[in-house]
Amino acid sequence: MRAPAAEDTPSANLVLLCLASWVIPGAGHFWLGRRNKGLIFLAALPAMFAIGLVLRGRLFPFDLSDPLVCLEALADLGIGATYFVAAALGSGTGDVRAVTYEYGNAFLVVAGLLNLLTVIDAHDVALGRK
Amino acid sequence: MRSHILLLSLFAFFVSLVFAVIAKDDPREQARFGGLLFAGFLGSAIVLGWLMYPFPR
């Protein structure tokens with residue numbers, strides 16, 4: 001049996017909120033009226049991702065034969081739209097010979113993971129848990 | 001940008017900033033918690049670095 005529309009709306013909004021928060025870092029907090037937090041996430045997370053690219057880090061491919069690479073790809077994807085912009089611009093090819101290669105990867109992966117953390121935080125705020 | 005300590009500090013800064021903003025709501029508490037995290041990251045990295053110094057490989 002289908003739930004009434006009135007019950008659908010909050011969960012649909014919650015999904016939209018989480019999606020927005022993932023696509024644009026801080027968007028979920030903006031949506032919830034927490035502008036300062038949203039602004040900090042919007043500035044810090046793409047900056048961290050960009051530094052990872054400048055340090056010649058790599059946007060890992062979704063290679064299912066190598067689970068660790070696949071996990072790193074998922075973490076990279078955590079940054080949302082910034083990932084697709086970087087990929088479209090041909091960034092993130094990675095240069096394993098660069099001294100800063102591993103640092104770059106750390107910045108890219110952690111920026112994505114931190115953005116996923118902000119999605120969870122926005123979700124908790126929306127549910128009134130915080 | 002090849003300095004290990006600079007890159008470590010930059011990384012610690014961003015992670016501390018995001019953790020502090022997520023964990024605390026009051027700006028003063030955010031600054032205090034973020035500062036503690038940042039100092040903890042730097043301090044533990046330096047201590048671990050010196051602990052590993054006698055074992056280069």
# chains A, B, ... in the order shown; residues from 1 in each chain; ligands from 1
$ interface_residues --of "chain A" --to "chain B" --cutoff "12 Å" --atoms "only C-alpha atoms" --output "PyMOL selection string"
chain A and resi 25-26+29+34-49+51-52+54-56+98-122+124-125+130
$ write_last_selection --atoms "N, CA and C atoms" --output "compact mmCIF listing (two decimals), in the first residue's frame"
# COMPACT_ATOMS: atom_id res chain seq x y z
N PRO A 25 29.31 21.14 -2.04
CA PRO A 25 29.66 21.11 -0.62
C PRO A 25 29.06 22.31 0.13
N GLY A 26 28.37 22.02 1.22
CA GLY A 26 27.78 23.10 2.04
C GLY A 26 26.36 23.46 1.65
N HIS A 29 23.71 22.66 4.26
CA HIS A 29 23.70 23.56 5.42
C HIS A 29 23.09 24.91 5.05
N ARG A 34 21.95 27.27 7.89
CA ARG A 34 23.25 27.38 8.59
C ARG A 34 24.28 27.90 7.60
N ARG A 35 24.14 29.19 7.30
CA ARG A 35 24.92 29.79 6.22
C ARG A 35 26.42 29.79 6.48
N ASN A 36 26.81 30.12 7.71
CA ASN A 36 28.25 30.18 8.00
C ASN A 36 28.92 28.82 7.79
N LYS A 37 28.25 27.77 8.29
CA LYS A 37 28.81 26.44 8.10
C LYS A 37 28.87 26.09 6.62
N GLY A 38 27.78 26.38 5.91
CA GLY A 38 27.73 26.10 4.47
C GLY A 38 28.84 26.81 3.72
N LEU A 39 29.06 28.07 4.10
CA LEU A 39 30.09 28.88 3.42
C LEU A 39 31.48 28.29 3.66
N ILE A 40 31.71 27.86 4.89
CA ILE A 40 33.04 27.28 5.22
C ILE A 40 33.25 25.99 4.42
N PHE A 41 32.21 25.14 4.35
CA PHE A 41 32.35 23.89 3.59
C PHE A 41 32.54 24.19 2.10
N LEU A 42 31.79 25.17 1.61
CA LEU A 42 31.86 25.53 0.19
C LEU A 42 33.25 26.04 -0.18
N ALA A 43 33.89 26.73 0.75
CA ALA A 43 35.23 27.26 0.46
C ALA A 43 36.30 26.19 0.70
N ALA A 44 36.19 25.48 1.82
CA ALA A 44 37.30 24.61 2.25
C ALA A 44 37.40 23.32 1.42
N LEU A 45 36.26 22.68 1.16
CA LEU A 45 36.35 21.35 0.53
C LEU A 45 36.79 21.39 -0.93
N PRO A 46 36.19 22.26 -1.77
CA PRO A 46 36.73 22.34 -3.14
C PRO A 46 38.18 22.83 -3.16
N ALA A 47 38.55 23.72 -2.20
CA ALA A 47 39.94 24.19 -2.15
C ALA A 47 40.88 23.02 -1.86
N MET A 48 40.47 22.18 -0.92
CA MET A 48 41.28 21.02 -0.57
C MET A 48 41.41 20.08 -1.78
N PHE A 49 40.31 19.91 -2.49
CA PHE A 49 40.31 19.05 -3.68
C PHE A 49 41.24 19.64 -4.76
N ILE A 51 43.77 21.63 -4.31
CA ILE A 51 45.17 21.47 -3.89
C ILE A 51 45.65 20.06 -4.23
N GLY A 52 44.77 19.08 -4.04
CA GLY A 52 45.11 17.70 -4.39
C GLY A 52 45.44 17.57 -5.88
N VAL A 54 46.51 20.10 -7.82
CA VAL A 54 47.75 20.84 -8.05
C VAL A 54 48.97 20.00 -7.64
N LEU A 55 48.78 19.18 -6.61
CA LEU A 55 49.88 18.32 -6.14
C LEU A 55 50.02 17.06 -7.01
N ARG A 56 49.35 17.05 -8.12
CA ARG A 56 49.42 15.96 -9.12
C ARG A 56 48.84 14.64 -8.62
N ALA A 98 55.84 12.37 -9.57
CA ALA A 98 55.91 13.61 -8.79
C ALA A 98 56.11 13.29 -7.31
N VAL A 99 56.95 14.10 -6.66
CA VAL A 99 57.22 13.91 -5.23
C VAL A 99 55.92 14.05 -4.43
N THR A 100 55.04 14.90 -4.91
CA THR A 100 53.82 15.22 -4.16
C THR A 100 52.64 14.32 -4.53
N TYR A 101 52.87 13.29 -5.33
CA TYR A 101 51.77 12.43 -5.82
C TYR A 101 50.91 11.87 -4.68
N GLU A 102 51.56 11.29 -3.68
CA GLU A 102 50.81 10.68 -2.57
C GLU A 102 50.10 11.73 -1.73
N TYR A 103 50.75 12.88 -1.57
CA TYR A 103 50.09 13.97 -0.85
C TYR A 103 48.81 14.38 -1.60
N GLY A 104 48.96 14.50 -2.92
CA GLY A 104 47.81 14.89 -3.75
C GLY A 104 46.66 13.91 -3.58
N ASN A 105 46.98 12.63 -3.61
CA ASN A 105 45.94 11.61 -3.43
C ASN A 105 45.27 11.74 -2.07
N ALA A 106 46.08 12.00 -1.04
CA ALA A 106 45.52 12.15 0.31
C ALA A 106 44.54 13.33 0.35
N PHE A 107 44.92 14.45 -0.26
CA PHE A 107 44.04 15.62 -0.29
C PHE A 107 42.75 15.31 -1.04
N LEU A 108 42.86 14.64 -2.19
CA LEU A 108 41.67 14.34 -3.01
C LEU A 108 40.72 13.41 -2.27
N VAL A 109 41.27 12.33 -1.74
CA VAL A 109 40.44 11.32 -1.06
C VAL A 109 39.79 11.91 0.19
N VAL A 110 40.57 12.61 0.99
CA VAL A 110 40.03 13.13 2.25
C VAL A 110 39.01 14.25 2.00
N ALA A 111 39.23 15.07 0.95
CA ALA A 111 38.23 16.10 0.62
C ALA A 111 36.88 15.43 0.31
N GLY A 112 36.92 14.34 -0.45
CA GLY A 112 35.68 13.62 -0.78
C GLY A 112 35.03 13.02 0.46
N LEU A 113 35.85 12.42 1.31
CA LEU A 113 35.30 11.80 2.53
C LEU A 113 34.72 12.85 3.48
N LEU A 114 35.40 13.99 3.58
CA LEU A 114 34.88 15.06 4.45
C LEU A 114 33.55 15.59 3.92
N ASN A 115 33.44 15.66 2.59
CA ASN A 115 32.16 16.12 2.03
C ASN A 115 31.05 15.12 2.36
N LEU A 116 31.36 13.84 2.32
CA LEU A 116 30.35 12.84 2.70
C LEU A 116 29.96 13.01 4.18
N LEU A 117 30.94 13.40 4.99
CA LEU A 117 30.65 13.66 6.41
C LEU A 117 29.71 14.85 6.55
N THR A 118 29.89 15.86 5.73
CA THR A 118 28.98 17.03 5.80
C THR A 118 27.57 16.64 5.34
N VAL A 119 27.48 15.67 4.40
CA VAL A 119 26.15 15.19 3.97
C VAL A 119 25.45 14.53 5.16
N ILE A 120 26.19 13.69 5.89
CA ILE A 120 25.61 13.02 7.06
C ILE A 120 25.22 14.05 8.12
N ASP A 121 26.05 15.07 8.29
CA ASP A 121 25.75 16.11 9.27
C ASP A 121 24.46 16.86 8.88
N ALA A 122 24.35 17.21 7.60
CA ALA A 122 23.14 17.92 7.13
C ALA A 122 21.91 17.03 7.34
N ASP A 124 21.52 14.74 9.67
CA ASP A 124 21.22 14.72 11.11
C ASP A 124 20.56 16.02 11.56
N VAL A 125 21.05 17.14 11.03
CA VAL A 125 20.46 18.44 11.39
C VAL A 125 19.01 18.49 10.92
N LYS A 130 20.62 17.15 15.84
CA LYS A 130 21.68 18.06 16.31
C LYS A 130 21.11 19.44 16.55
$ select_by_dssp --residues "chain A" --states "helix (DSSP H, G or I)" --output "count of residues only"
89
$ residues_around --residues "Ala73 in chain A" --least-positions-apart "6" --cutoff "8 Å" --atoms "only C-alpha atoms" --output "NGL selection string"
:A and (59-62)
$ residues_around --residues "Leu42 in chain B" --least-positions-apart "6" --cutoff "9 Å" --atoms "only C-alpha atoms" --output "VMD selection string"
chain B and resid 5 8 to 9 12
$ atom_distance --atom1 "CA of Leu89 in chain A" --atom2 "CA of Ile24 in chain A"
17.8 Å
